[in-house]
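Data first, discussion second: the structure below is written as structure tokens.
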2 protein chains.
Amino acid sequence: MTARNVLFIMCDQLRWDHLGCNGHPTLSTRNVDWLASRGVNFRNAFVQSGVCGPSRTSFYTGRYPASHGTTWNGVPLNLGELTFGEMLAEQGRALVLAGKTHVRPNTRAMKRLAIDGGSEVGRLLGAGGFVEVDRYDGHHDPGAETGYVDWLRRHGYGGERPWSDYVIGALDATGRLVSGYQMRNVHLPARVAKEHSETAYMTTRAVEFIERRGDEPWVMHLSYIKPHWPYMAPAPYHAMYPIGRCLPVHRDRRELDDPHPVLAAYRRQEECVNFMRDEVIDTVRPAYTGLVQEIDDNLGRLWETMERLGRFKDTLVVFTADHGDFLGDHWLGEKEHFYDTVQRIPFIVYDPDPAADATRGRVDERFVESVDAVPTFLDALGLPGHAERIEGRSLLPLTRAGAADDWRDGVFSELDYSFREARRILGRTPWECRAFMARTDRWKYVYWIGDRPQLFDLQADPGELVDLGRDAGHERVREMMKARLFDWFTRLKRRTTMNAQEIEARTATHKQHGVFFGVW
Amino acid sequence: MTARNVLFIMCDQLRWDHLGCNGHPTLSTRNVDWLASRGVNFRNAFVQSGVCGPSRTSFYTGRYPASHGTTWNGVPLNLGELTFGEMLAEQGRALVLAGKTHVRPNTRAMKRLAIDGGSEVGRLLGAGGFVEVDRYDGHHDPGAETGYVDWLRRHGYGGERPWSDYVIGALDATGRLVSGYQMRNVHLPARVAKEHSETAYMTTRAVEFIERRGDEPWVMHLSYIKPHWPYMAPAPYHAMYPIGRCLPVHRDRRELDDPHPVLAAYRRQEECVNFMRDEVIDTVRPAYTGLVQEIDDNLGRLWETMERLGRFKDTLVVFTADHGDFLGDHWLGEKEHFYDTVQRIPFIVYDPDPAADATRGRVDERFVESVDAVPTFLDALGLPGHAERIEGRSLLPLTRAGAADDWRDGVFSELDYSFREARRILGRTPWECRAFMARTDRWKYVYWIGDRPQLFDLQADPGELVDLGRDAGHERVREMMKARLFDWFTRLKRRTTMNAQEIEARTATHKQHGVFFGVW
């Protein structure tokens, strides 16, 4: 069957291992787990980049960063790229947004092409193809793009900057207002009530949209900005998971012996310097875990709405994240690097088709990449697949038949650290800061421009503690993995302006067009 | 100094070795040779693809086909790409065209972005950034884009199709009208007088434009459609070079033993089947050589105009071609493949700057790629270099100082044969037909998706007759050359929407924008 609706839920910076269904020992994500019990839980799903902007652009275009070019946050999308929202728009449908996208309008290209930002196409391009129910990129004092600030005021949170003062604001022991931007404060409860948190607000926007639509079809991206920093959580979530109930930090002293030069440079950046300290880990992990619990609790309201309106009968639901968060693992803070901690994401697909009944509750070990999201949605909606540009694959053959011929046996990811202090520490230009990862079930290989590679044996060393990037006994493995990356490079889709049908129609047809060459 | 004007002359399908200054033993290209004596003759200049469309798009954008995406003739340019003409337009200047570009408008993207084809930007995009004095893509009955057909009529060439009847038409021994589309006829003189040929017409357009401009600055692309097929030449050029004065065919029986599968498929295509026959070679080579002579003779008129108006004092001149023509070499017809016959092009740079006086008449062995054309022009004109997207380098450090630090030591080229009969012969989809070449002074390596590689030792075998693609003794060489290609892939410029200054300004500046992470 063709799904009527798509609900595409993304969390920001949510680690794969912070879900009950993925083995967290204490975190009670009963609503996510329920979805997994009704759908397929892909345990080997990976992002195309461990950074919001490039990862999301891959989610929204079905293409790798090396193809779409948005290799970092705030790098405008090339106007030759086509977003999922535009693919829907050309079919008379819309991609509705509640939450974060991290899209920046390509104002330079729009000016160059004389596209009025206020025109229909200008608005769509400026919003990355989304039609905004409520756009909220989070992480800083919100502007007029979201109704959140007004909503806070209507609920009694006054002052000039209610987000700073209440949502990431807390009162310390002396009654002084302190900020969640400082990690030392995130053991305190936010001054916002949980009913008025960012997560609650955006869930309500989604619930209202679904109710309002009735039986009209829709496609919605519900994009939570949590558990991303600032890590401040409202009560009771701030204190729900004391450090003893959190996942322990995963790191080893050996990792600091002769580390990879780029990692060494990152560990001189503020977030890593801090996350190398136990005090920081012990303060942040409880808040982070609580923020995940808060999302799961809110999903309960969403599921109730969906169930009440019969939407689980006709809606494809995907629950995922844009990348993880080190939280001190591997002596790192934040994200970006190629450890599974950051690269592996939750990816649960609920497929309403009765053909998917046989796979409900299944845990699927096959490799999924974030570029698979758009082709899965298009497939579910019965819309054109844009194979000339989309580099991912529909997952419906896996949810429905449960089997697919010739499925991929590895994944790829990328990093561009030109915008980071690490670039200056290493004395590099913005053209020398690219890295490319190939990962299989056994090996993870990272190629760094201008630096030695990294290699991990995921079988012998699933925790990725021993870098074999220079190990003499693994040269053949590195060559094999580099060859895999090479093959990937050769197959990236560059020729996006003609589709297969057009190419077929033009193959060896010059004579039909009155052109003759090589004729005797 | 900053050059006032740029004259960018391209021939279509002109082999490197069909010029006196490049060693042709009988062909008298005194005008090209004169330019070489006043400029720098780059003997190791190579195209980015041995096909008109992708090669020209690399010339016009400064980017490799893997970056610009126009991998074949007629594949519309991605609107996210920026052509030289647009780079000039944004500086209030114009790129004037007299002749061929092979550009096709991206009407689908223009429709998607609601760009009116009749608007200023629409016209510029539709013409690939060129402002057309006279556009003439050649090789088939011309339409209204050129004034050539009317001009022919005014000069007495009547009937419905004067191009078919006179320009590529000839009378055989029985007085019957025959066509230059059939190679058997190209020993005959065209029915057009040499003063009215395509080459003469377009030279006159360029001469008139230069005269009309006076001392106003200009940038012109004079783009001849010869010596490309149809190979019919007007008298006396059709008979000026009997086969004994032409370059002998270069091929070896060994090349047909166990040939590379893609080459084997090509040799089943009509143009190769025919060019494997001596009769075809003996008929076509004289006409081809005569057509080159005709271009050179016409350049004399152009040089006279330039000299008379003082334009050699303030004009940078480049003379080049989009690729060569096998004419039976290597048992092949046409082009596309990676032998130097097709990939190596004439590339002569006349630099008016007195700083270039020291290099006048020099033969430079350093590697030049067609992506160097645009950065050379921008550099000469003193305009912004678009380093965020341009993948070539200005040649002015070579023409002026005569030396450049860290110059490249190899070149790259590509092929997409999805549109050729060879694809069907090999049973491939349009996603499996890509090849990538890396060439140094010693080695040429070609990687083919789904096929064995090719390797030639250019020192031991400068004629490229022995393919070492499977030779057990050369595995290390193949690995080395493949690593060179890999490095090239990693450095292709994808992140084109932000320049270096913008990246510098945004490096590690999140706190200045009120965003804090990793702060204790």
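Identifiers for the structure tokens are assigned positionally: chains receive A, B, ... in sequence, residues are indexed from 1 per chain, and ligands are indexed from 1 in the order shown.
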request  = Return the neighbours of chain A among the residues of chain B, cut-off 6 Å, counting only C-alpha atoms, as JSON, numbers by chain.
outcome  = {"B": [69, 78, 79, 80, 181, 182, 183, 184, 271, 419, 420, 421, 494, 495, 507, 508, 516, 518, 519, 520]}
inquiry  = Please identify the alpha helix (DSSP H) residues within region 120-308 of chain B (assignment by DSSP from backbone atoms) and present them as a PyMOL selection string.
reply    = chain B and resi 120-126+148-154+162+198-213+261-266+270-275+278-308
query = Contacts of Asp252 (chain B) at 12 Å or less, counting only C-alpha atoms, minus same-chain residues fewer than 6 places along, as a list in words?
reply =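 Once the adjacent positions are removed, what remains is Pro259, Met276, Gly328, Asp329, His330, Trp331, Leu332, Gly463, Glu464, Leu465, Val466 and Asp467 of chain B.
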Just N, CA and C atoms for this one: save the residues we selected as a PDB file, in the first residue's frame.
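Output contents, as saved in out25.pdb:
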ATOM      1  N   PRO B 259      41.919  -6.862 -25.996  1.00  0.00           N
ATOM      2  CA  PRO B 259      41.813  -5.436 -25.665  1.00  0.00           C
ATOM      3  C   PRO B 259      40.958  -5.208 -24.416  1.00  0.00           C
ATOM      4  N   MET B 276      38.898   1.882 -38.693  1.00  0.00           N
ATOM      5  CA  MET B 276      39.893   0.807 -38.717  1.00  0.00           C
ATOM      6  C   MET B 276      40.322   0.492 -40.145  1.00  0.00           C
ATOM      7  N   GLY B 328      41.705   7.092 -36.677  1.00  0.00           N
ATOM      8  CA  GLY B 328      42.214   5.749 -36.917  1.00  0.00           C
ATOM      9  C   GLY B 328      43.332   5.319 -35.980  1.00  0.00           C
ATOM     10  N   ASP B 329      43.955   6.253 -35.289  1.00  0.00           N
ATOM     11  CA  ASP B 329      44.998   5.877 -34.319  1.00  0.00           C
ATOM     12  C   ASP B 329      44.400   4.940 -33.274  1.00  0.00           C
ATOM     13  N   HIS B 330      45.216   3.972 -32.876  1.00  0.00           N
ATOM     14  CA  HIS B 330      44.793   2.994 -31.868  1.00  0.00           C
ATOM     15  C   HIS B 330      43.528   2.236 -32.296  1.00  0.00           C
ATOM     16  N   TRP B 331      43.293   2.163 -33.624  1.00  0.00           N
ATOM     17  CA  TRP B 331      42.111   1.453 -34.148  1.00  0.00           C
ATOM     18  C   TRP B 331      40.823   2.081 -33.635  1.00  0.00           C
ATOM     19  N   LEU B 332      40.836   3.402 -33.557  1.00  0.00           N
ATOM     20  CA  LEU B 332      39.667   4.111 -33.050  1.00  0.00           C
ATOM     21  C   LEU B 332      39.312   5.276 -33.959  1.00  0.00           C
ATOM     22  N   GLY B 463      54.114   5.745 -27.354  1.00  0.00           N
ATOM     23  CA  GLY B 463      52.990   5.609 -28.271  1.00  0.00           C
ATOM     24  C   GLY B 463      51.786   4.933 -27.648  1.00  0.00           C
ATOM     25  N   GLU B 464      51.881   4.542 -26.403  1.00  0.00           N
ATOM     26  CA  GLU B 464      50.755   3.935 -25.672  1.00  0.00           C
ATOM     27  C   GLU B 464      50.182   2.728 -26.415  1.00  0.00           C
ATOM     28  N   LEU B 465      51.060   1.801 -26.736  1.00  0.00           N
ATOM     29  CA  LEU B 465      50.630   0.614 -27.476  1.00  0.00           C
ATOM     30  C   LEU B 465      50.500  -0.619 -26.587  1.00  0.00           C
ATOM     31  N   VAL B 466      51.130  -0.583 -25.432  1.00  0.00           N
ATOM     32  CA  VAL B 466      51.149  -1.774 -24.571  1.00  0.00           C
ATOM     33  C   VAL B 466      50.437  -1.443 -23.251  1.00  0.00           C
ATOM     34  N   ASP B 467      49.256  -2.010 -23.087  1.00  0.00           N
ATOM     35  CA  ASP B 467      48.466  -1.774 -21.877  1.00  0.00           C
ATOM     36  C   ASP B 467      48.972  -2.691 -20.755  1.00  0.00           C
TER      37      ASP B 467
END
request  = Report the residues of region 271-329 of chain A whose backbone DSSP state falls under strand (DSSP E or B), written as a list in words.
outcome  =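 For region 271-329 of chain A, the strand (DSSP E or B) set is Thr315, Leu316, Val317, Val318, Phe319, Thr320 and Ala321 of chain A.
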request  = Find the residues near Trp163 (chain A): any atom within 8 Å, counting only C-alpha atoms, skip ones fewer than 2 places away on the same chain, and give them as a ChimeraX atom specification.
outcome  = /A:141-142,149,161,165-169
